[in-house]
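K.L.:
Take a look at this one; I'll ask things after.
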Amino acid sequence: MSRRRWLLADQLGPHFLDDLDQPVLLVEARELFRRRILHRQKAHLILSALRHRAAELGDRALLLRTGTFREALDRVGGPVELVHPHSRSALAFARTVEGLTILPPRGFLTDRADFAAWADQVRRGPLRMTDFYRWAQRHHRVLVDPPAGGGPPRRRSPADTLDVPAPPEIVEDDIDAEVRRDLDRWAAEGVRFAGRDGPRRYPATHAEADARLRHFVRHRLAEYGRYADAMSAEDPTLAHSVLSSSFNLGLLHPEPAIRAAERAWRDGSVTRSAAEPFIRQLLGWREFLWQLYWYFQPRFRGVGWLAATEPLPEWFDQLDADAVEARCLADVLTGVRDRAWAHHAQRLLVLGNYALQRGWRPTELVDWFERCFVDGTGWVMNATVIGMSQYADLARVDTRAYAVDGRHIDEISDYCTGCRYDPTRVLGDLACPYTGGFEAFLHRNGERLLGDPRLAAELADRDDPERREAVLAQEEKRGSTAP
Ligand code: SF4
C-alpha cells in the first residue's frame, strides 16, 4: 500500500507531490489558530489554501479538521510520509510520530549539504549573503554572464512616475465564503485574531500564484529594480511581485520564477538591473535565510543584542494605526492592519527601524511579524528581523544596522509631504520621531556601533554634549507613546 503523503499548510504546490495516485493527508488543526493571535487575513489564507488543495486533489485527499496534528494522525490508518517541515517545532513533532517517514526538504534550490560545505569553507568571519549569492549563481548557473550593458542606473524614488498595472485581483469563491463563516464562528467562540478581515488578496492555489507570477514578469518586473526601495502612500505595492506568501505556502517553487526573470532579461524585455534584484531576492536572500535557519542549530537567535529591552507598545502590537500621526508609520501600520502585508522597504525602514531606534525586544518583534504578516514564517522572520532589521546577530551573519533618520525616508518616499513632523528636525515639537529617534539610538548604542563605518561617522558628527542630553531627554519623554 502506498504511503499517504501528509502535506503541511506550507507544502501546497505541485512540487510537494510525486505522482498522480498517491493518497494525501491535509490537516486543519485548531491548535495552530489558538496558540497565537494570527492576523485574520493570514488565518483565512491558510485555511483557504488547505481547502483549495483538498478540492483540487478530490478523492485522493483526506482533509481532517481536528484539535491537534496528533489527533489527525491517530485517525489515519496505514503508513504516512512527510516532506521535511519548514520549522524546527514541526520537525521535532514529526520525529515523535511512530512510523512517520520524513523525506528530504523541497521548495528550495540549494541542497543543505552543499550550503554547509560552502559555509564551512568560507567561515573565517560572518557569513555574507553577497558571497553566498555569487556562489549560488555559479552553482545553479543563473545570470552567469558578466553584468555588462546593464541598463539604467538604479533609482530611488517615490512612485510619482511609476505606471504599472496592479497585480490581478483574486476572485473569492465558495471555499472562501465557507472559510469566512468558520472564522466568524471561531471568533464568536473566543479565538482571537489581529488586524481586519477583508477580501482575500493573496493566491491560495498554484494556479492563482502562477498567474500572478506571469503577470508580474510581463508587466512589473521591468520596474522592480528601480522601485524596490521606494515607498509611497499612494501605492502600497509599487512594482513588487507580492508573491512572498505564495512562495512561503509552497504554492510556487522559486526556480521557475528565477528562470522566468532571467529569460525576460535574455529576450530583451527587461534590463539586467531590473531582473537581477528580483533574482537576488529568491536565489540570494530567500535561499540564504532558509539555510541559515538550519545551519545555525539549535536557534538563530539571541546573539549580541543592542540595548533592546523594551516591550512592544500596545498601539503597535494591536495595529492601532489610527493612534499614529507620523505619516509613514501610520500608512505602513494601516497596511499591516488592513492587508497583513507591507513591502520590504516599509518593513525595514519604517517598522523595523522604529523598533530598533526605540530598543524594542527583537524576540517580541519577530513574533509580531510572524503573526501579523501573511507571509510571516519563522525561518524568514528570525533572520530578517533578528539578523538584519534589529542587527541583533552580530557574530555569525554579516549585516549592518538598518537605522536611518527621517531625511532618508523623505528621499525614498512621498510620506513626509503632508506629515505633521519635519524630517530635518531633531528637536522640538516638529521633530521627526525617526530623526530624533535615530540620534538617540546613536547615543544610546555608541560604542557598540563603532564597527559600522556609516553609523560611527554619524555619531562622530553629533558630539555636542548639550544637544545629546536634549535629544535623549526628548526621545525618552516620547518613550513608547504613538508618535
Ligand atoms: Fe515619517 Fe518623519 Fe517623514 Fe513624518 S517627517 S513621514 S514621521 S519620516
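Ordering of the C-alpha cells sets the chain letters (A, B, ...); residue numbers start at 1 within each chain; ligands are numbered from 1 in the order shown.
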Report the closest atom pair, with its distance in Å rounded to one decimal, for each residue of chain A that has an atom no farther than 8 Å from ligand 1; count only C-alpha atoms and all ligand atoms, sort by chain and then rising residue number, and write it as JSON lines.
P.N.:
```
{"residue": "A:Glu325", "atom": "CA", "partner": "ligand 1", "partner_atom_place_in_ligand_line": "7 (S)", "distance": 7.6}
{"residue": "A:Ala326", "atom": "CA", "partner": "ligand 1", "partner_atom_place_in_ligand_line": "7 (S)", "distance": 4.0}
{"residue": "A:Arg327", "atom": "CA", "partner": "ligand 1", "partner_atom_place_in_ligand_line": "6 (S)", "distance": 4.3}
{"residue": "A:Cys328", "atom": "CA", "partner": "ligand 1", "partner_atom_place_in_ligand_line": "6 (S)", "distance": 4.3}
{"residue": "A:Leu329", "atom": "CA", "partner": "ligand 1", "partner_atom_place_in_ligand_line": "1 (Fe)", "distance": 6.3}
{"residue": "A:Val350", "atom": "CA", "partner": "ligand 1", "partner_atom_place_in_ligand_line": "1 (Fe)", "distance": 7.8}
{"residue": "A:Asp405", "atom": "CA", "partner": "ligand 1", "partner_atom_place_in_ligand_line": "8 (S)", "distance": 7.0}
{"residue": "A:Gly406", "atom": "CA", "partner": "ligand 1", "partner_atom_place_in_ligand_line": "8 (S)", "distance": 3.7}
{"residue": "A:Arg407", "atom": "CA", "partner": "ligand 1", "partner_atom_place_in_ligand_line": "8 (S)", "distance": 6.5}
{"residue": "A:His408", "atom": "CA", "partner": "ligand 1", "partner_atom_place_in_ligand_line": "8 (S)", "distance": 7.6}
{"residue": "A:Ile409", "atom": "CA", "partner": "ligand 1", "partner_atom_place_in_ligand_line": "8 (S)", "distance": 5.2}
{"residue": "A:Asp410", "atom": "CA", "partner": "ligand 1", "partner_atom_place_in_ligand_line": "3 (Fe)", "distance": 5.6}
{"residue": "A:Asp414", "atom": "CA", "partner": "ligand 1", "partner_atom_place_in_ligand_line": "6 (S)", "distance": 7.9}
{"residue": "A:Tyr415", "atom": "CA", "partner": "ligand 1", "partner_atom_place_in_ligand_line": "6 (S)", "distance": 4.4}
{"residue": "A:Cys416", "atom": "CA", "partner": "ligand 1", "partner_atom_place_in_ligand_line": "3 (Fe)", "distance": 3.6}
{"residue": "A:Thr417", "atom": "CA", "partner": "ligand 1", "partner_atom_place_in_ligand_line": "6 (S)", "distance": 7.1}
{"residue": "A:Gly418", "atom": "CA", "partner": "ligand 1", "partner_atom_place_in_ligand_line": "6 (S)", "distance": 7.8}
{"residue": "A:Cys419", "atom": "CA", "partner": "ligand 1", "partner_atom_place_in_ligand_line": "4 (Fe)", "distance": 4.6}
{"residue": "A:Arg420", "atom": "CA", "partner": "ligand 1", "partner_atom_place_in_ligand_line": "4 (Fe)", "distance": 6.3}
{"residue": "A:Tyr421", "atom": "CA", "partner": "ligand 1", "partner_atom_place_in_ligand_line": "5 (S)", "distance": 4.4}
{"residue": "A:Asp422", "atom": "CA", "partner": "ligand 1", "partner_atom_place_in_ligand_line": "5 (S)", "distance": 4.5}
{"residue": "A:Pro423", "atom": "CA", "partner": "ligand 1", "partner_atom_place_in_ligand_line": "5 (S)", "distance": 4.0}
{"residue": "A:Thr424", "atom": "CA", "partner": "ligand 1", "partner_atom_place_in_ligand_line": "5 (S)", "distance": 7.7}
{"residue": "A:Ala431", "atom": "CA", "partner": "ligand 1", "partner_atom_place_in_ligand_line": "2 (Fe)", "distance": 7.8}
{"residue": "A:Cys432", "atom": "CA", "partner": "ligand 1", "partner_atom_place_in_ligand_line": "2 (Fe)", "distance": 4.2}
{"residue": "A:Pro433", "atom": "CA", "partner": "ligand 1", "partner_atom_place_in_ligand_line": "7 (S)", "distance": 5.6}
{"residue": "A:Tyr434", "atom": "CA", "partner": "ligand 1", "partner_atom_place_in_ligand_line": "2 (Fe)", "distance": 5.5}
{"residue": "A:Thr435", "atom": "CA", "partner": "ligand 1", "partner_atom_place_in_ligand_line": "2 (Fe)", "distance": 6.8}
{"residue": "A:Pro483", "atom": "CA", "partner": "ligand 1", "partner_atom_place_in_ligand_line": "7 (S)", "distance": 7.7}
```
K.L.:
If you run DSSP on this backbone, which residues of segment 220-343 of chain A come out as helix (DSSP H, G or I), and could you give them as JSON, numbers by chain?
P.N.:
{"A": [221, 222, 223, 224, 225, 226, 227, 244, 245, 246, 247, 248, 254, 255, 256, 257, 258, 259, 260, 261, 262, 263, 264, 265, 266, 272, 273, 274, 275, 276, 277, 278, 279, 280, 281, 282, 283, 284, 285, 286, 287, 288, 289, 290, 291, 292, 293, 294, 295, 314, 315, 316, 317, 321, 322, 323, 327, 328, 329, 330, 331, 332, 333, 334, 335, 336, 337, 338, 339]}
K.L.:
So which one's closest to Glu262 of chain A, A:Val144, A:Ala473, A:Val324, A:Leu243? Using only C-alpha atoms, please.
P.N.:
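Checking each candidate against Glu262 of chain A, we get A:Val144 as the closest.
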K.L.:
May I ask which of the residues A:Asp111, A:Glu169, A:Glu469, A:Asp464 is the closest one to Arg212 of chain A, counting only C-alpha atoms?
P.N.:
A:Glu169
K.L.:
Select from segment 91-246 of chain A everything DSSP, run on the backbone, classes as strand (DSSP E or B), then give the selection as an MDAnalysis selection string.
P.N.:
chainID A and resid 100:103 127 194 231
